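A short write-up of the structure that comes next.
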Amino acid sequence: MKTKIITLLLTCFFSVTTLSAAEITAKKFYAALVDDDNTKWFLTEAGLASFDGKEWKLHDKNPKIPTNDLRAFSIESSPAGKSLWIATPTAVLKASLPLDAASPVSSYSSANSSISGENILSVAVGKGNLRWIGTEKGISAVYNDKWLTNSYERKYPADLFRDFRITSMVADNTGDTLFAATDGVGIARVFRNDVDGISGASEYAIWGPIELPSDKVICLAIAPDGTQWLGTDMGVGRHTGYNTLEGWTIFMKDSGLADDYIQAITADKNGNVWAGTKEGASFYDGEKWTSYTDKEGLISKNILSIVVDKSGIVWFGTDNGVSSYSEGKFTNY
């Protein structure tokens, strides 16, 4: 990353500041989240990285956490403390925070638990002590210390997930329902039932009368009002409510998106949406899309991850560092 401090006025509306983040050797920031302390966390090609507003840290000293091929992560807050759940190729890890070389890390795999597959693709935290784990054979869940029994096979057989891998997972605002994006068959929706099992709800796929841009879904977000936002290779899908066949809207490049291939998507506390593409970031205020590229100040227009922190600042993980955006100002790291 750049260490030289440069302030550049691009236009009368946008300014850019480039700051040093010499502590971080990573350039690609694949996934992002914010914890209760407003610390920003990123998955990078060099491992886990964090920024508390003052200091960047690369967390590469704990021998139980690999530094490469981290697929996804989620944060859990409970009376016992905070922890990160991290998807890796062979196991899902639970790492206690604060994170250092000696932090406790638990590992769950098909060898020591009831996880359905050996290749961990994604992870999400639901309500209470409910954790969802996506693999090449399907979706597993553990509630407290009990692994839930699957009863969704007739709707979502294991072959479906093997042929069309899970690309992203997100729990809804109740925490009991999970949306799992796939690479080719739309969205699988499952929920924790009353007997602590996993049941199938209904799929979102364009072979039904559903206005989904594409069955290749790359990323997901749930807005505070429960609206589901789907990033695909052919635009953004918005679904309101939980009636599968109603409430759909499609947004594409001709709607104002920077590009139709959506790599990241998130919603802020007001329900505004940010979508990241290879050609820039696009903001939806409920009426129209406004797009930003490196010309407006992003460190790179190839957006890999987006998160909005507790102060309302938007953070963009790219293939060339991190940008933040607040009140018309970009800051690059």
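Following the order of the structure tokens, chains are lettered A, B, ..., residues in each are numbered from 1, and ligands are numbered from 1.
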>> For the structure I just gave you, how does DSSP split region 88-192 of chain A - specifically, which residues are strand (DSSP E)? Reply as a PyMOL selection string.
In response: chain A and resi 92-96+105-108+120-125+130-135+138-143+146-147+149-150+166-171+177-182+187-192
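Using only C-alpha atoms, the residues found no farther than 9 Å from region 253-256 of chain A, other than those of its own chain fewer than 2 positions away, are Met234, Gly235, Ile250, Phe251, Ala258, Asp259, Asp260, Ser282, Lys288, Trp289, Thr290 and Ser291 of chain A.
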Those residues you just picked out, can you put them in a file as a CSV table (one decimal), in the first residue's frame with N, CA and C atoms?
chain,number,residue,atom,x,y,z
A,234,MET,N,-25.6,-10.6,-13.4
A,234,MET,CA,-26.4,-9.8,-14.4
A,234,MET,C,-27.2,-8.7,-13.8
A,235,GLY,N,-26.7,-8.2,-12.6
A,235,GLY,CA,-27.4,-7.1,-12.0
A,235,GLY,C,-27.8,-7.4,-10.6
A,250,ILE,N,-35.6,-5.6,-10.4
A,250,ILE,CA,-34.3,-5.9,-11.0
A,250,ILE,C,-33.7,-4.5,-11.3
A,251,PHE,N,-32.4,-4.4,-11.0
A,251,PHE,CA,-31.6,-3.2,-11.3
A,251,PHE,C,-30.4,-3.7,-12.2
A,258,ALA,N,-22.8,0.7,-11.8
A,258,ALA,CA,-21.5,0.9,-12.5
A,258,ALA,C,-21.3,-0.3,-13.5
A,259,ASP,N,-21.8,-1.5,-13.1
A,259,ASP,CA,-21.6,-2.7,-14.0
A,259,ASP,C,-22.6,-3.7,-13.5
A,260,ASP,N,-22.9,-4.7,-14.4
A,260,ASP,CA,-23.9,-5.7,-14.0
A,260,ASP,C,-23.4,-6.8,-13.2
A,282,SER,N,-21.7,1.4,-6.5
A,282,SER,CA,-23.0,2.1,-6.8
A,282,SER,C,-23.8,2.2,-5.5
A,288,LYS,N,-32.8,6.3,-6.8
A,288,LYS,CA,-31.8,6.2,-7.9
A,288,LYS,C,-30.5,5.7,-7.5
A,289,TRP,N,-29.7,5.2,-8.5
A,289,TRP,CA,-28.3,4.7,-8.3
A,289,TRP,C,-27.3,5.8,-8.7
A,290,THR,N,-26.3,6.0,-7.8
A,290,THR,CA,-25.2,6.9,-8.1
A,290,THR,C,-23.9,6.1,-8.1
A,291,SER,N,-23.1,6.2,-9.1
A,291,SER,CA,-21.9,5.3,-9.1
A,291,SER,C,-20.6,6.1,-8.9
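By chain and then residue number, the residues within 7 Å of Leu93 (chain A) are Trp85, Ile86, Ala87, Val105, Ser106, Ser107 and Tyr108 of chain A, counting only C-alpha atoms and disregarding those fewer than 4 positions away in sequence.
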Would you write out those residues with N, CA and C atoms, as a tab-separated table (two decimals), in the first residue's frame?
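Ended up saving to again05.tsv:
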chain	number	residue	atom	x	y	z
A	85	TRP	N	-16.07	-16.40	13.49
A	85	TRP	CA	-16.22	-17.71	12.87
A	85	TRP	C	-15.68	-17.57	11.45
A	86	ILE	N	-14.71	-18.43	11.10
A	86	ILE	CA	-13.97	-18.28	9.85
A	86	ILE	C	-14.06	-19.57	9.05
A	87	ALA	N	-14.47	-19.46	7.78
A	87	ALA	CA	-14.52	-20.62	6.89
A	87	ALA	C	-13.18	-20.80	6.21
A	105	VAL	N	-8.62	-20.94	19.77
A	105	VAL	CA	-9.25	-21.20	18.49
A	105	VAL	C	-9.77	-22.64	18.48
A	106	SER	N	-11.08	-22.78	18.24
A	106	SER	CA	-11.69	-24.10	18.11
A	106	SER	C	-11.89	-24.42	16.64
A	107	SER	N	-11.73	-25.68	16.28
A	107	SER	CA	-11.85	-26.10	14.90
A	107	SER	C	-12.94	-27.16	14.76
A	108	TYR	N	-13.85	-26.97	13.80
A	108	TYR	CA	-14.92	-27.92	13.55
A	108	TYR	C	-14.86	-28.37	12.09
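Note that the spacing between CA of Ala80 (chain A) and CA of Thr174 (chain A) amounts to 21.1 Å.
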> Using only C-alpha atoms, which of A:Ser116, A:Asn320, A:Thr90, A:Asn270 sits nearest Trp132 (chain A)?
Replying inline: A:Ser116
Shell of 7 Å around region 217-226 of chain A, only C-alpha atoms, local chain residues under 6 positions omitted, as a JSON list (two decimals) with C-alpha atoms, in the first residue's frame:
[["chain", "number", "residue", "atom", "x", "y", "z"],
["A", 167, "THR", "CA", -21.09, -18.52, -2.87],
["A", 168, "SER", "CA", -22.48, -16.49, 0.04],
["A", 169, "MET", "CA", -24.70, -16.89, 3.11],
["A", 170, "VAL", "CA", -26.59, -14.44, 5.29],
["A", 172, "ASP", "CA", -32.22, -12.77, 8.10],
["A", 173, "ASN", "CA", -33.04, -10.31, 10.86],
["A", 181, "ALA", "CA", -26.53, -18.03, -2.67],
["A", 182, "THR", "CA", -25.39, -20.56, -5.25],
["A", 183, "ASP", "CA", -23.37, -20.50, -8.43],
["A", 186, "GLY", "CA", -30.35, -19.08, -7.37],
["A", 232, "THR", "CA", -25.65, -11.53, -9.45],
["A", 233, "ASP", "CA", -23.58, -11.67, -12.62],
["A", 262, "ILE", "CA", -22.02, -7.51, -8.66],
["A", 263, "GLN", "CA", -19.17, -8.69, -6.38],
["A", 264, "ALA", "CA", -20.31, -7.18, -3.05],
["A", 265, "ILE", "CA", -23.49, -5.70, -1.61],
["A", 266, "THR", "CA", -24.54, -4.25, 1.73],
["A", 267, "ALA", "CA", -27.27, -2.10, 3.28],
["A", 269, "LYS", "CA", -28.96, 1.29, 8.93],
["A", 271, "GLY", "CA", -31.84, 0.86, 4.20]]
Surrounding residues of Asp215 (chain A) excluding itself and chain neighbours under 3 positions, 6 Å, only C-alpha atoms, as a CSV table (one decimal) with N, CA and C atoms, in the first residue's frame:
chain,number,residue,atom,x,y,z
A,184,GLY,N,-25.4,-20.8,-9.7
A,184,GLY,CA,-26.1,-21.4,-10.8
A,184,GLY,C,-27.6,-21.8,-10.6
A,185,VAL,N,-28.0,-21.9,-9.3
A,185,VAL,CA,-29.4,-22.3,-9.1
A,185,VAL,C,-30.1,-21.4,-8.1
A,186,GLY,N,-29.7,-20.1,-8.2
A,186,GLY,CA,-30.4,-19.1,-7.4
A,186,GLY,C,-30.1,-19.2,-5.9
A,205,ALA,N,-35.4,-18.9,-7.8
A,205,ALA,CA,-34.7,-19.3,-9.0
A,205,ALA,C,-35.6,-18.8,-10.2
Mind running region 65-112 of chain A against region 23-44 of chain A at 9 Å and telling me each contacting residue's nearest atom pair with the distance in Å (one decimal), counting only C-alpha atoms, chain and number ascending, as a tab-separated table?
residue	atom	partner	partner_atom	distance
A:Thr67	CA	A:Thr44	CA	8.3
A:Asn68	CA	A:Thr44	CA	7.9
A:Asp69	CA	A:Thr44	CA	8.6
A:Leu70	CA	A:Leu43	CA	6.6
A:Arg71	CA	A:Leu43	CA	7.9
A:Ala72	CA	A:Ala31	CA	6.8
A:Phe73	CA	A:Ala31	CA	7.8
A:Ser74	CA	A:Leu33	CA	7.4
A:Ile75	CA	A:Asp35	CA	6.9
A:Glu76	CA	A:Asp35	CA	8.7
A:Ser77	CA	A:Asp36	CA	8.1
A:Lys82	CA	A:Asp35	CA	8.7
Generate a file of the selected residues that holds C-alpha atoms, formatted as a PDB file, in the first residue's frame.
ATOM      1  CA  THR A  67      -3.102 -16.934   6.416  1.00  0.00           C
ATOM      2  CA  ASN A  68      -4.294 -18.024   2.979  1.00  0.00           C
ATOM      3  CA  ASP A  69      -7.539 -19.177   1.350  1.00  0.00           C
ATOM      4  CA  LEU A  70      -9.871 -17.787   4.003  1.00  0.00           C
ATOM      5  CA  ARG A  71     -13.312 -18.047   2.395  1.00  0.00           C
ATOM      6  CA  ALA A  72     -15.741 -16.121   4.608  1.00  0.00           C
ATOM      7  CA  PHE A  73     -16.232 -14.966   8.184  1.00  0.00           C
ATOM      8  CA  SER A  74     -18.853 -13.769  10.618  1.00  0.00           C
ATOM      9  CA  ILE A  75     -18.784 -12.248  14.087  1.00  0.00           C
ATOM     10  CA  GLU A  76     -20.604 -13.554  17.148  1.00  0.00           C
ATOM     11  CA  SER A  77     -21.284 -11.627  20.361  1.00  0.00           C
ATOM     12  CA  LYS A  82     -16.887 -12.028  21.076  1.00  0.00           C
TER      13      LYS A  82
END
